[in-house]
Each structure stands twice: as C-alpha cells, then as structure tokens.
Amino acid sequence: MQLLVSVRNEKEATIAAQNGVDRIDLKEPNQGSLGATTSVIWQQVVEQWHQGFPISVALGELHEATYGDVVPAETNSVKVGLSRCRTRNDWQQELKNVYERMPASITRVMVYYADEHLAESPDFVTLLRLSQQLLCGIFLIDTFDKSAGNVFAHLSITRLIEMRKQVADIDTSFALAGSLRTTDLQLVARINPDIVAVRGAVCHGERTGEVCAGAIQSFQASLRQQSICISTQTN
Ligand SMILES: O=C[C@H](O)COP(=O)(O)O
C-alpha cells in the first residue's frame with residue numbers, strides 16, 4: 001500500500017516529499033474534494049519533484065471547469081470529479097475529451113464518489129465500465145462531501161473489498177480515500193488498496209490547514225506496519 005498525500009503548493013509538496021510519502025497529489029482543498037490548484041503550481045511542483053515521486057493533479061469537477069490548461073508532460077496522473085453528472089447526457093463524452101487533451105503518457109484516473117447520492121455522481125458499475133473504455137490506469141474511491149462522514153460511513157467493508165476485487169479484475173490500480181485516519185488503517189488493510197490517499201489526517205487541524213511533517217511520518221509508519229501484517233498473513 002503506497003501513501004499518497006494531497007498538497008496545495010510548493011511548500012507543502014516539499015514537506016510531503018521530505019517526510020516519507022510515496023506519491024504527491026496536487027489539489028486545492030478550499031475548492032472541494034478534487035479542487036484544482038493553478039497551472040503555475042502544477043509547473044513548479046512537477047518540475048521540482050517528478051523525478052522522485054509520481055505526481056497526480058486534480059482538475060476539479062467536470063461540470064465547473066474549463067480545462068483550458070494542459071498539465072505538465074511529466075505529471076503521472078490526472079483526475080476529474082464527476083459530481084452532478086448523474087442526470088446529464090453528455091458527461092461521458094466530455095470526460096473523454098478532457099482526458100484526450102492531456103499528454104498521452106499521463107495516467108487517467110476514474111473517480112467514484114462513495115457518497116454518490118450527495119454528489120449526484122454516476123454509480124460504481126457505470127464508472128467501472130467507463131474506466132475500461134477510457135483506459136484508466138487508476139480507479140479512486142473518495143468522498144465528495146467531506147462533512148458527511150468518511151468513506152466507511154457510505155460503504156461497508158464487505159462492499160469495498162468487492163469493489164477492490166472488481167477493479168483488480170480489470171487490471172487497474174485501486175486507490176482509496178475519504179477522510180481516512182490512522183485509526184481506520186486496520187480496516188483499510190483488509191481492503192489492501194494499491195494507494196491510500198489522505199489529506200485531513202496529515203494536516204494541522206482541518207484538511208484546509210497546512211500539512212504536518214510529524215503527522216505524515218506517523219501515518220506512513222502506521223501504514224507500513226499494516227502492510228507488514230498483510231504480507232505476514234499472506235506468506
Ligand atoms: O486524494 C485524496 C484526498 O485528498 C483525501 O482527502 P481527505 O483525506 O481529507 O479526505
């Protein structure tokens with residue numbers, strides 16, 4: 001299980017990079033679950049850290065963005081939120097267009113919101129099928145409304161294990177997020193995602209606060225401990 005930490009700028013990226021993360025994600029938490037930062041920040045962070053870490057970029061929600069800016073070619077992956085898409089007809093084509101505008105080397109991420117009823121976003125089965133059609137390399141489960149409980153408030157452990165298997169069956173990496181805390185890691189280990197993605201758990205105060213070096217180190221230590229438990233059980 002790799003640790004991804006979401007950061008909002010160059011300073012936070014440096015804190016994350018120097019304190020044991022496996023992946024860096026760029027997003028602006030004041031702009032929602034998958035809020036975009038700016039293209040200037042994308043450039044700065046990708047240029048500085050892409051050789052050490054896979055860097056993902058959040059592009060915001062499909063319904064609200066213009067997607068005029070193309071991310072740097074060295075970006076590892078890009079993701080787009082699909083809130084309010086459930087009742088629209090054109091969203092699948094629009095998402096395809098967004099991804100086709102990106103450099104071909106960049107991994108596409110399909111995002112399923114666990115609180116799909118709050119996000120008015122498409123269901124899991126639809127997104128799993130689309131993920132295959134659009135050749136997405138990563139399937140992320142996250143929450144849209146960060147005030148409405150964490151991912152386990154919306155999906156049972158049994159359901160998440162099933163989903164994880166269905167994603168593995170289409171040869172796609174599985175990332176799990178949604179206000180995860182250190183205390184959730186035993187449950188998370190039962191799902192065994194390829195990527196565990198956090199922000200709130202490693203910030204000073206709320207997820208809109210600054211990322212904290214000590215919190216990143218301690219989250220990573222707990223995650224590695226759980227990974228060791230998994231490998232001991234499977235050997
Ligand atoms: O990509 C992951 C998200 O930034 C997770 O944020 P969160 O841990 O505050 O829910």
# chains A, B, ... in the order shown; residues from 1 in each chain; ligands from 1
>>> residues_around(residues="A:Gln43", least_positions_apart="5", cutoff="9 Å", atoms="only C-alpha atoms", output="JSON list (two decimals) with N, CA and C atoms, in the first residue's frame")
[["chain", "number", "residue", "atom", "x", "y", "z"],
["A", 38, "THR", "N", -3.39, 25.86, -9.32],
["A", 38, "THR", "CA", -3.22, 26.66, -10.55],
["A", 38, "THR", "C", -2.17, 26.01, -11.42],
["A", 48, "GLN", "N", 9.91, 20.30, -9.89],
["A", 48, "GLN", "CA", 10.81, 20.03, -8.77],
["A", 48, "GLN", "C", 10.82, 18.57, -8.31],
["A", 71, "VAL", "N", -1.78, 19.95, -18.25],
["A", 71, "VAL", "CA", -0.82, 19.73, -17.16],
["A", 71, "VAL", "C", 0.57, 19.43, -17.76],
["A", 72, "PRO", "N", 1.64, 19.61, -16.96],
["A", 72, "PRO", "CA", 2.98, 19.33, -17.48],
["A", 72, "PRO", "C", 3.10, 17.87, -17.92]]
>>> residues_around(residues="stretch 18-25 of chain A", least_positions_apart="6", cutoff="8 Å", atoms="only C-alpha atoms", output="number ranges by chain")
A: 2-7, 53-58, 213-214, 216-217, 220
>>> write_last_selection(atoms="C-alpha atoms", output="mmCIF file, in the first residue's frame")
data_model
loop_
_atom_site.group_PDB
_atom_site.id
_atom_site.type_symbol
_atom_site.label_atom_id
_atom_site.label_comp_id
_atom_site.auth_asym_id
_atom_site.auth_seq_id
_atom_site.Cartn_x
_atom_site.Cartn_y
_atom_site.Cartn_z
ATOM 1 C CA GLN A 2 1.517 3.300 -1.087
ATOM 2 C CA LEU A 3 0.848 6.565 0.727
ATOM 3 C CA LEU A 4 -0.392 9.489 -1.360
ATOM 4 C CA VAL A 5 -0.659 12.895 0.299
ATOM 5 C CA SER A 6 -2.570 15.778 -1.266
ATOM 6 C CA VAL A 7 -0.771 19.122 -1.171
ATOM 7 C CA PHE A 53 7.590 10.846 -6.916
ATOM 8 C CA PRO A 54 4.622 10.098 -9.147
ATOM 9 C CA ILE A 55 2.640 13.353 -9.098
ATOM 10 C CA SER A 56 -1.091 13.470 -9.667
ATOM 11 C CA VAL A 57 -3.093 16.572 -10.464
ATOM 12 C CA ALA A 58 -6.737 17.148 -9.531
ATOM 13 C CA ALA A 213 5.632 16.723 8.808
ATOM 14 C CA GLY A 214 5.155 14.695 12.012
ATOM 15 C CA ILE A 216 2.849 12.379 7.640
ATOM 16 C CA GLN A 217 5.676 10.393 9.243
ATOM 17 C CA GLN A 220 3.273 6.380 6.964
#
>>> residues_near_ligand(ligand="ligand 1", cutoff="9 Å", atoms="only C-alpha atoms and all ligand atoms", output="VMD selection string")
chain A and resid 4 to 7 25 to 29 33 to 34 58 140 to 144 146 150 to 151 175 to 181 196 to 203 206 to 208
>>> residues_around(residues="A:Ala73", least_positions_apart="2", cutoff="12 Å", atoms="only C-alpha atoms", output="ChimeraX atom specification")
/A:42-43,46-47,50,55-57,69-71,75-78,101-107
>>> write_last_selection(atoms="N, CA and C atoms", output="mmCIF file, in the first residue's frame")
data_model
loop_
_atom_site.group_PDB
_atom_site.id
_atom_site.type_symbol
_atom_site.label_atom_id
_atom_site.label_comp_id
_atom_site.auth_asym_id
_atom_site.auth_seq_id
_atom_site.Cartn_x
_atom_site.Cartn_y
_atom_site.Cartn_z
ATOM 1 N N TRP A 42 1.190 23.678 -10.623
ATOM 2 C CA TRP A 42 1.469 22.392 -11.294
ATOM 3 C C TRP A 42 2.901 22.392 -11.827
ATOM 4 N N GLN A 43 3.233 23.472 -12.537
ATOM 5 C CA GLN A 43 4.575 23.552 -13.164
ATOM 6 C C GLN A 43 5.672 23.469 -12.115
ATOM 7 N N VAL A 46 5.667 19.894 -10.255
ATOM 8 C CA VAL A 46 6.043 18.776 -11.141
ATOM 9 C C VAL A 46 7.514 18.900 -11.534
ATOM 10 N N GLU A 47 7.921 20.113 -11.862
ATOM 11 C CA GLU A 47 9.326 20.317 -12.249
ATOM 12 C C GLU A 47 10.261 19.901 -11.107
ATOM 13 N N HIS A 50 9.062 15.573 -9.897
ATOM 14 C CA HIS A 50 8.589 14.420 -10.680
ATOM 15 C C HIS A 50 9.608 13.287 -10.773
ATOM 16 N N ILE A 55 3.450 12.192 -9.517
ATOM 17 C CA ILE A 55 2.640 13.353 -9.098
ATOM 18 C C ILE A 55 1.306 13.347 -9.838
ATOM 19 N N SER A 56 0.236 13.390 -9.047
ATOM 20 C CA SER A 56 -1.091 13.470 -9.667
ATOM 21 C C SER A 56 -1.637 14.883 -9.529
ATOM 22 N N VAL A 57 -2.506 15.232 -10.464
ATOM 23 C CA VAL A 57 -3.093 16.572 -10.464
ATOM 24 C C VAL A 57 -4.614 16.441 -10.497
ATOM 25 N N ASP A 69 -6.158 24.552 -19.381
ATOM 26 C CA ASP A 69 -4.738 24.333 -19.097
ATOM 27 C C ASP A 69 -4.367 22.865 -19.224
ATOM 28 N N VAL A 70 -3.269 22.625 -19.903
ATOM 29 C CA VAL A 70 -2.782 21.254 -20.017
ATOM 30 C C VAL A 70 -1.718 21.068 -18.943
ATOM 31 N N VAL A 71 -1.783 19.954 -18.252
ATOM 32 C CA VAL A 71 -0.818 19.726 -17.165
ATOM 33 C C VAL A 71 0.567 19.427 -17.758
ATOM 34 N N THR A 75 3.724 14.971 -15.488
ATOM 35 C CA THR A 75 2.696 14.603 -14.499
ATOM 36 C C THR A 75 2.421 13.110 -14.627
ATOM 37 N N ASN A 76 2.245 12.439 -13.504
ATOM 38 C CA ASN A 76 1.988 10.998 -13.552
ATOM 39 C C ASN A 76 0.531 10.690 -13.890
ATOM 40 N N SER A 77 -0.397 11.414 -13.236
ATOM 41 C CA SER A 77 -1.811 11.100 -13.463
ATOM 42 C C SER A 77 -2.699 12.320 -13.225
ATOM 43 N N VAL A 78 -3.886 12.275 -13.819
ATOM 44 C CA VAL A 78 -4.851 13.381 -13.645
ATOM 45 C C VAL A 78 -6.214 12.803 -13.277
ATOM 46 N N ARG A 101 -7.258 15.571 -24.205
ATOM 47 C CA ARG A 101 -6.455 16.810 -24.330
ATOM 48 C C ARG A 101 -5.131 16.708 -23.577
ATOM 49 N N MET A 102 -5.008 15.723 -22.693
ATOM 50 C CA MET A 102 -3.784 15.578 -21.885
ATOM 51 C C MET A 102 -2.718 14.813 -22.666
ATOM 52 N N PRO A 103 -1.428 15.056 -22.334
ATOM 53 C CA PRO A 103 -0.381 14.267 -22.976
ATOM 54 C C PRO A 103 -0.654 12.768 -22.797
ATOM 55 N N ALA A 104 -0.392 11.978 -23.849
ATOM 56 C CA ALA A 104 -0.777 10.560 -23.853
ATOM 57 C C ALA A 104 -0.093 9.732 -22.771
ATOM 58 N N SER A 105 1.048 10.205 -22.290
ATOM 59 C CA SER A 105 1.792 9.421 -21.289
ATOM 60 C C SER A 105 1.150 9.492 -19.897
ATOM 61 N N ILE A 106 0.206 10.394 -19.711
ATOM 62 C CA ILE A 106 -0.359 10.612 -18.374
ATOM 63 C C ILE A 106 -1.484 9.615 -18.066
ATOM 64 N N THR A 107 -1.377 8.991 -16.908
ATOM 65 C CA THR A 107 -2.385 8.019 -16.482
ATOM 66 C C THR A 107 -3.705 8.722 -16.155
#
>>> closest_residue(among="A:Leu118, A:Val80, A:Ile170, A:Ile161", to="A:Gly149", atoms="only C-alpha atoms")
A:Leu118
>>> residues_around(residues="A:Lys165", least_positions_apart="2", cutoff="12 Å", atoms="only C-alpha atoms", output="PyMOL selection string")
chain A and resi 128+139+158-163+167-174+190-194
>>> write_last_selection(atoms="N, CA and C atoms", output="PDB file, in the first residue's frame")
ATOM      1  N   LEU A 128     -16.978   1.776 -13.576  1.00  0.00           N
ATOM      2  CA  LEU A 128     -16.048   0.667 -13.817  1.00  0.00           C
ATOM      3  C   LEU A 128     -15.986   0.378 -15.321  1.00  0.00           C
ATOM      4  N   PHE A 139      -8.259   3.599 -10.397  1.00  0.00           N
ATOM      5  CA  PHE A 139      -9.654   3.808 -10.022  1.00  0.00           C
ATOM      6  C   PHE A 139      -9.648   4.269  -8.565  1.00  0.00           C
ATOM      7  N   THR A 158     -17.339  -4.906   3.459  1.00  0.00           N
ATOM      8  CA  THR A 158     -17.590  -6.001   2.504  1.00  0.00           C
ATOM      9  C   THR A 158     -17.721  -5.454   1.089  1.00  0.00           C
ATOM     10  N   ARG A 159     -18.469  -4.369   0.969  1.00  0.00           N
ATOM     11  CA  ARG A 159     -18.670  -3.758  -0.354  1.00  0.00           C
ATOM     12  C   ARG A 159     -17.343  -3.221  -0.913  1.00  0.00           C
ATOM     13  N   LEU A 160     -16.544  -2.615  -0.044  1.00  0.00           N
ATOM     14  CA  LEU A 160     -15.263  -2.066  -0.508  1.00  0.00           C
ATOM     15  C   LEU A 160     -14.311  -3.183  -0.947  1.00  0.00           C
ATOM     16  N   ILE A 161     -14.343  -4.298  -0.242  1.00  0.00           N
ATOM     17  CA  ILE A 161     -13.481  -5.429  -0.637  1.00  0.00           C
ATOM     18  C   ILE A 161     -13.920  -5.949  -2.016  1.00  0.00           C
ATOM     19  N   GLU A 162     -15.243  -6.027  -2.200  1.00  0.00           N
ATOM     20  CA  GLU A 162     -15.799  -6.462  -3.503  1.00  0.00           C
ATOM     21  C   GLU A 162     -15.367  -5.519  -4.623  1.00  0.00           C
ATOM     22  N   MET A 163     -15.502  -4.213  -4.342  1.00  0.00           N
ATOM     23  CA  MET A 163     -15.143  -3.200  -5.351  1.00  0.00           C
ATOM     24  C   MET A 163     -13.667  -3.289  -5.697  1.00  0.00           C
ATOM     25  N   VAL A 167     -12.088  -3.978  -9.417  1.00  0.00           N
ATOM     26  CA  VAL A 167     -11.108  -3.077 -10.052  1.00  0.00           C
ATOM     27  C   VAL A 167      -9.845  -3.864 -10.427  1.00  0.00           C
ATOM     28  N   ALA A 168      -9.417  -4.749  -9.538  1.00  0.00           N
ATOM     29  CA  ALA A 168      -8.231  -5.574  -9.845  1.00  0.00           C
ATOM     30  C   ALA A 168      -8.508  -6.461 -11.060  1.00  0.00           C
ATOM     31  N   ASP A 169      -9.743  -6.942 -11.179  1.00  0.00           N
ATOM     32  CA  ASP A 169     -10.102  -7.814 -12.298  1.00  0.00           C
ATOM     33  C   ASP A 169      -9.976  -7.120 -13.651  1.00  0.00           C
ATOM     34  N   ILE A 170     -10.048  -5.794 -13.670  1.00  0.00           N
ATOM     35  CA  ILE A 170      -9.852  -5.090 -14.950  1.00  0.00           C
ATOM     36  C   ILE A 170      -8.437  -4.516 -15.021  1.00  0.00           C
ATOM     37  N   ASP A 171      -7.558  -5.061 -14.196  1.00  0.00           N
ATOM     38  CA  ASP A 171      -6.122  -4.704 -14.260  1.00  0.00           C
ATOM     39  C   ASP A 171      -5.849  -3.239 -14.010  1.00  0.00           C
ATOM     40  N   THR A 172      -6.562  -2.681 -13.061  1.00  0.00           N
ATOM     41  CA  THR A 172      -6.437  -1.252 -12.766  1.00  0.00           C
ATOM     42  C   THR A 172      -6.034  -1.091 -11.306  1.00  0.00           C
ATOM     43  N   SER A 173      -5.180  -0.123 -11.027  1.00  0.00           N
ATOM     44  CA  SER A 173      -4.777   0.117  -9.644  1.00  0.00           C
ATOM     45  C   SER A 173      -5.952   0.707  -8.866  1.00  0.00           C
ATOM     46  N   PHE A 174      -6.014   0.355  -7.591  1.00  0.00           N
ATOM     47  CA  PHE A 174      -7.133   0.783  -6.759  1.00  0.00           C
ATOM     48  C   PHE A 174      -6.633   1.750  -5.687  1.00  0.00           C
ATOM     49  N   ARG A 190      -7.575  -4.519   5.335  1.00  0.00           N
ATOM     50  CA  ARG A 190      -8.399  -5.646   4.867  1.00  0.00           C
ATOM     51  C   ARG A 190      -8.788  -5.461   3.403  1.00  0.00           C
ATOM     52  N   ILE A 191      -8.886  -4.221   2.973  1.00  0.00           N
ATOM     53  CA  ILE A 191      -9.205  -3.925   1.566  1.00  0.00           C
ATOM     54  C   ILE A 191      -7.930  -3.999   0.722  1.00  0.00           C
ATOM     55  N   ASN A 192      -6.812  -3.645   1.337  1.00  0.00           N
ATOM     56  CA  ASN A 192      -5.494  -3.695   0.704  1.00  0.00           C
ATOM     57  C   ASN A 192      -5.418  -2.914  -0.618  1.00  0.00           C
ATOM     58  N   PRO A 193      -5.764  -1.620  -0.590  1.00  0.00           N
ATOM     59  CA  PRO A 193      -5.670  -0.827  -1.825  1.00  0.00           C
ATOM     60  C   PRO A 193      -4.213  -0.657  -2.259  1.00  0.00           C
ATOM     61  N   ASP A 194      -4.020  -0.395  -3.525  1.00  0.00           N
ATOM     62  CA  ASP A 194      -2.648  -0.120  -4.001  1.00  0.00           C
ATOM     63  C   ASP A 194      -2.177   1.216  -3.441  1.00  0.00           C
TER      64      ASP A 194
END
>>> select_by_dssp(residues="chain A", states="strand (DSSP E or B)", output="VMD selection string")
chain A and resid 2 to 7 23 to 26 55 to 61 77 to 81 107 to 113 138 to 142 173 to 176 195 to 198 203 211
>>> write_last_selection(atoms="N, CA and C atoms", output="tab-separated table (two decimals), in the first residue's frame")
chain	number	residue	atom	x	y	z
A	2	GLN	N	0.72	2.07	-1.00
A	2	GLN	CA	1.52	3.30	-1.09
A	2	GLN	C	0.75	4.47	-0.46
A	3	LEU	N	1.49	5.39	0.13
A	3	LEU	CA	0.85	6.56	0.73
A	3	LEU	C	0.91	7.76	-0.23
A	4	LEU	N	-0.28	8.25	-0.58
A	4	LEU	CA	-0.39	9.49	-1.36
A	4	LEU	C	-0.87	10.59	-0.43
A	5	VAL	N	-0.20	11.74	-0.48
A	5	VAL	CA	-0.66	12.89	0.30
A	5	VAL	C	-0.99	14.04	-0.65
A	6	SER	N	-2.15	14.63	-0.44
A	6	SER	CA	-2.57	15.78	-1.27
A	6	SER	C	-1.98	17.06	-0.71
A	7	VAL	N	-1.37	17.85	-1.58
A	7	VAL	CA	-0.77	19.12	-1.17
A	7	VAL	C	-1.29	20.24	-2.06
A	23	ARG	N	3.70	9.12	-2.94
A	23	ARG	CA	3.13	9.84	-4.07
A	23	ARG	C	2.67	11.21	-3.61
A	24	ILE	N	2.73	12.17	-4.53
A	24	ILE	CA	2.27	13.53	-4.22
A	24	ILE	C	1.09	13.85	-5.13
A	25	ASP	N	0.07	14.45	-4.53
A	25	ASP	CA	-1.14	14.80	-5.27
A	25	ASP	C	-1.34	16.31	-5.14
A	26	LEU	N	-1.66	16.97	-6.22
A	26	LEU	CA	-1.86	18.42	-6.17
A	26	LEU	C	-3.32	18.78	-6.22
A	55	ILE	N	3.45	12.19	-9.52
A	55	ILE	CA	2.64	13.35	-9.10
A	55	ILE	C	1.31	13.35	-9.84
A	56	SER	N	0.24	13.39	-9.05
A	56	SER	CA	-1.09	13.47	-9.67
A	56	SER	C	-1.64	14.88	-9.53
A	57	VAL	N	-2.51	15.23	-10.46
A	57	VAL	CA	-3.09	16.57	-10.46
A	57	VAL	C	-4.61	16.44	-10.50
A	58	ALA	N	-5.27	17.11	-9.54
A	58	ALA	CA	-6.74	17.15	-9.53
A	58	ALA	C	-7.18	18.32	-10.40
A	59	LEU	N	-8.14	18.07	-11.27
A	59	LEU	CA	-8.56	19.10	-12.22
A	59	LEU	C	-9.89	19.74	-11.85
A	60	GLY	N	-10.46	19.37	-10.70
A	60	GLY	CA	-11.76	19.94	-10.31
A	60	GLY	C	-12.90	19.04	-10.77
A	61	GLU	N	-14.11	19.58	-10.70
A	61	GLU	CA	-15.30	18.84	-11.11
A	61	GLU	C	-15.57	19.09	-12.59
A	77	SER	N	-0.40	11.41	-13.24
A	77	SER	CA	-1.81	11.10	-13.46
A	77	SER	C	-2.70	12.32	-13.23
A	78	VAL	N	-3.89	12.28	-13.82
A	78	VAL	CA	-4.85	13.38	-13.64
A	78	VAL	C	-6.21	12.80	-13.28
A	79	LYS	N	-6.97	13.60	-12.50
A	79	LYS	CA	-8.30	13.12	-12.10
A	79	LYS	C	-9.32	14.24	-12.14
A	80	VAL	N	-10.54	13.84	-12.40
A	80	VAL	CA	-11.64	14.79	-12.56
A	80	VAL	C	-12.82	14.28	-11.74
A	81	GLY	N	-13.47	15.17	-10.97
A	81	GLY	CA	-14.64	14.79	-10.20
A	81	GLY	C	-15.89	14.75	-11.08
A	107	THR	N	-1.38	8.99	-16.91
A	107	THR	CA	-2.39	8.02	-16.48
A	107	THR	C	-3.70	8.72	-16.16
A	108	ARG	N	-4.79	8.14	-16.64
A	108	ARG	CA	-6.12	8.69	-16.35
A	108	ARG	C	-6.67	8.01	-15.10
A	109	VAL	N	-7.29	8.82	-14.25
A	109	VAL	CA	-7.88	8.28	-13.01
A	109	VAL	C	-9.40	8.37	-13.12
A	110	MET	N	-10.08	7.26	-12.83
A	110	MET	CA	-11.54	7.31	-12.74
A	110	MET	C	-11.91	7.49	-11.28
A	111	VAL	N	-12.77	8.46	-10.99
A	111	VAL	CA	-13.12	8.76	-9.59
A	111	VAL	C	-14.58	8.41	-9.30
A	112	TYR	N	-14.77	7.52	-8.33
A	112	TYR	CA	-16.11	7.19	-7.86
A	112	TYR	C	-16.30	7.82	-6.49
A	113	TYR	N	-17.35	8.63	-6.32
A	113	TYR	CA	-17.65	9.21	-5.02
A	113	TYR	C	-18.51	8.22	-4.22
A	138	ILE	N	-5.89	4.06	-12.98
A	138	ILE	CA	-6.17	4.08	-11.54
A	138	ILE	C	-7.67	4.32	-11.34
A	139	PHE	N	-8.26	3.60	-10.40
A	139	PHE	CA	-9.65	3.81	-10.02
A	139	PHE	C	-9.65	4.27	-8.57
A	140	LEU	N	-10.12	5.49	-8.33
A	140	LEU	CA	-10.10	6.08	-6.99
A	140	LEU	C	-11.50	6.11	-6.39
A	141	ILE	N	-11.61	5.66	-5.16
A	141	ILE	CA	-12.85	5.88	-4.39
A	141	ILE	C	-12.55	6.96	-3.36
A	142	ASP	N	-13.34	8.02	-3.39
A	142	ASP	CA	-13.16	9.16	-2.47
A	142	ASP	C	-14.54	9.60	-2.02
A	173	SER	N	-5.18	-0.12	-11.03
A	173	SER	CA	-4.78	0.12	-9.64
A	173	SER	C	-5.95	0.71	-8.87
A	174	PHE	N	-6.01	0.36	-7.59
A	174	PHE	CA	-7.13	0.78	-6.76
A	174	PHE	C	-6.63	1.75	-5.69
A	175	ALA	N	-7.20	2.95	-5.66
A	175	ALA	CA	-6.82	3.95	-4.66
A	175	ALA	C	-8.02	4.22	-3.76
A	176	LEU	N	-7.76	4.33	-2.47
A	176	LEU	CA	-8.84	4.58	-1.51
A	176	LEU	C	-8.58	5.86	-0.74
A	195	ILE	N	-3.12	2.16	-3.33
A	195	ILE	CA	-2.78	3.51	-2.88
A	195	ILE	C	-3.75	3.94	-1.79
A	196	VAL	N	-3.21	4.48	-0.70
A	196	VAL	CA	-4.05	5.06	0.36
A	196	VAL	C	-3.83	6.57	0.27
A	197	ALA	N	-4.92	7.32	0.00
A	197	ALA	CA	-4.79	8.76	-0.29
A	197	ALA	C	-5.39	9.58	0.85
A	198	VAL	N	-4.61	10.49	1.39
A	198	VAL	CA	-5.10	11.30	2.51
A	198	VAL	C	-4.70	12.77	2.39
A	203	CYS	N	-2.88	16.92	8.27
A	203	CYS	CA	-2.82	18.39	8.32
A	203	CYS	C	-2.85	18.87	9.78
A	211	VAL	N	-0.17	20.90	5.67
A	211	VAL	CA	0.25	19.53	6.00
A	211	VAL	C	1.36	19.57	7.05
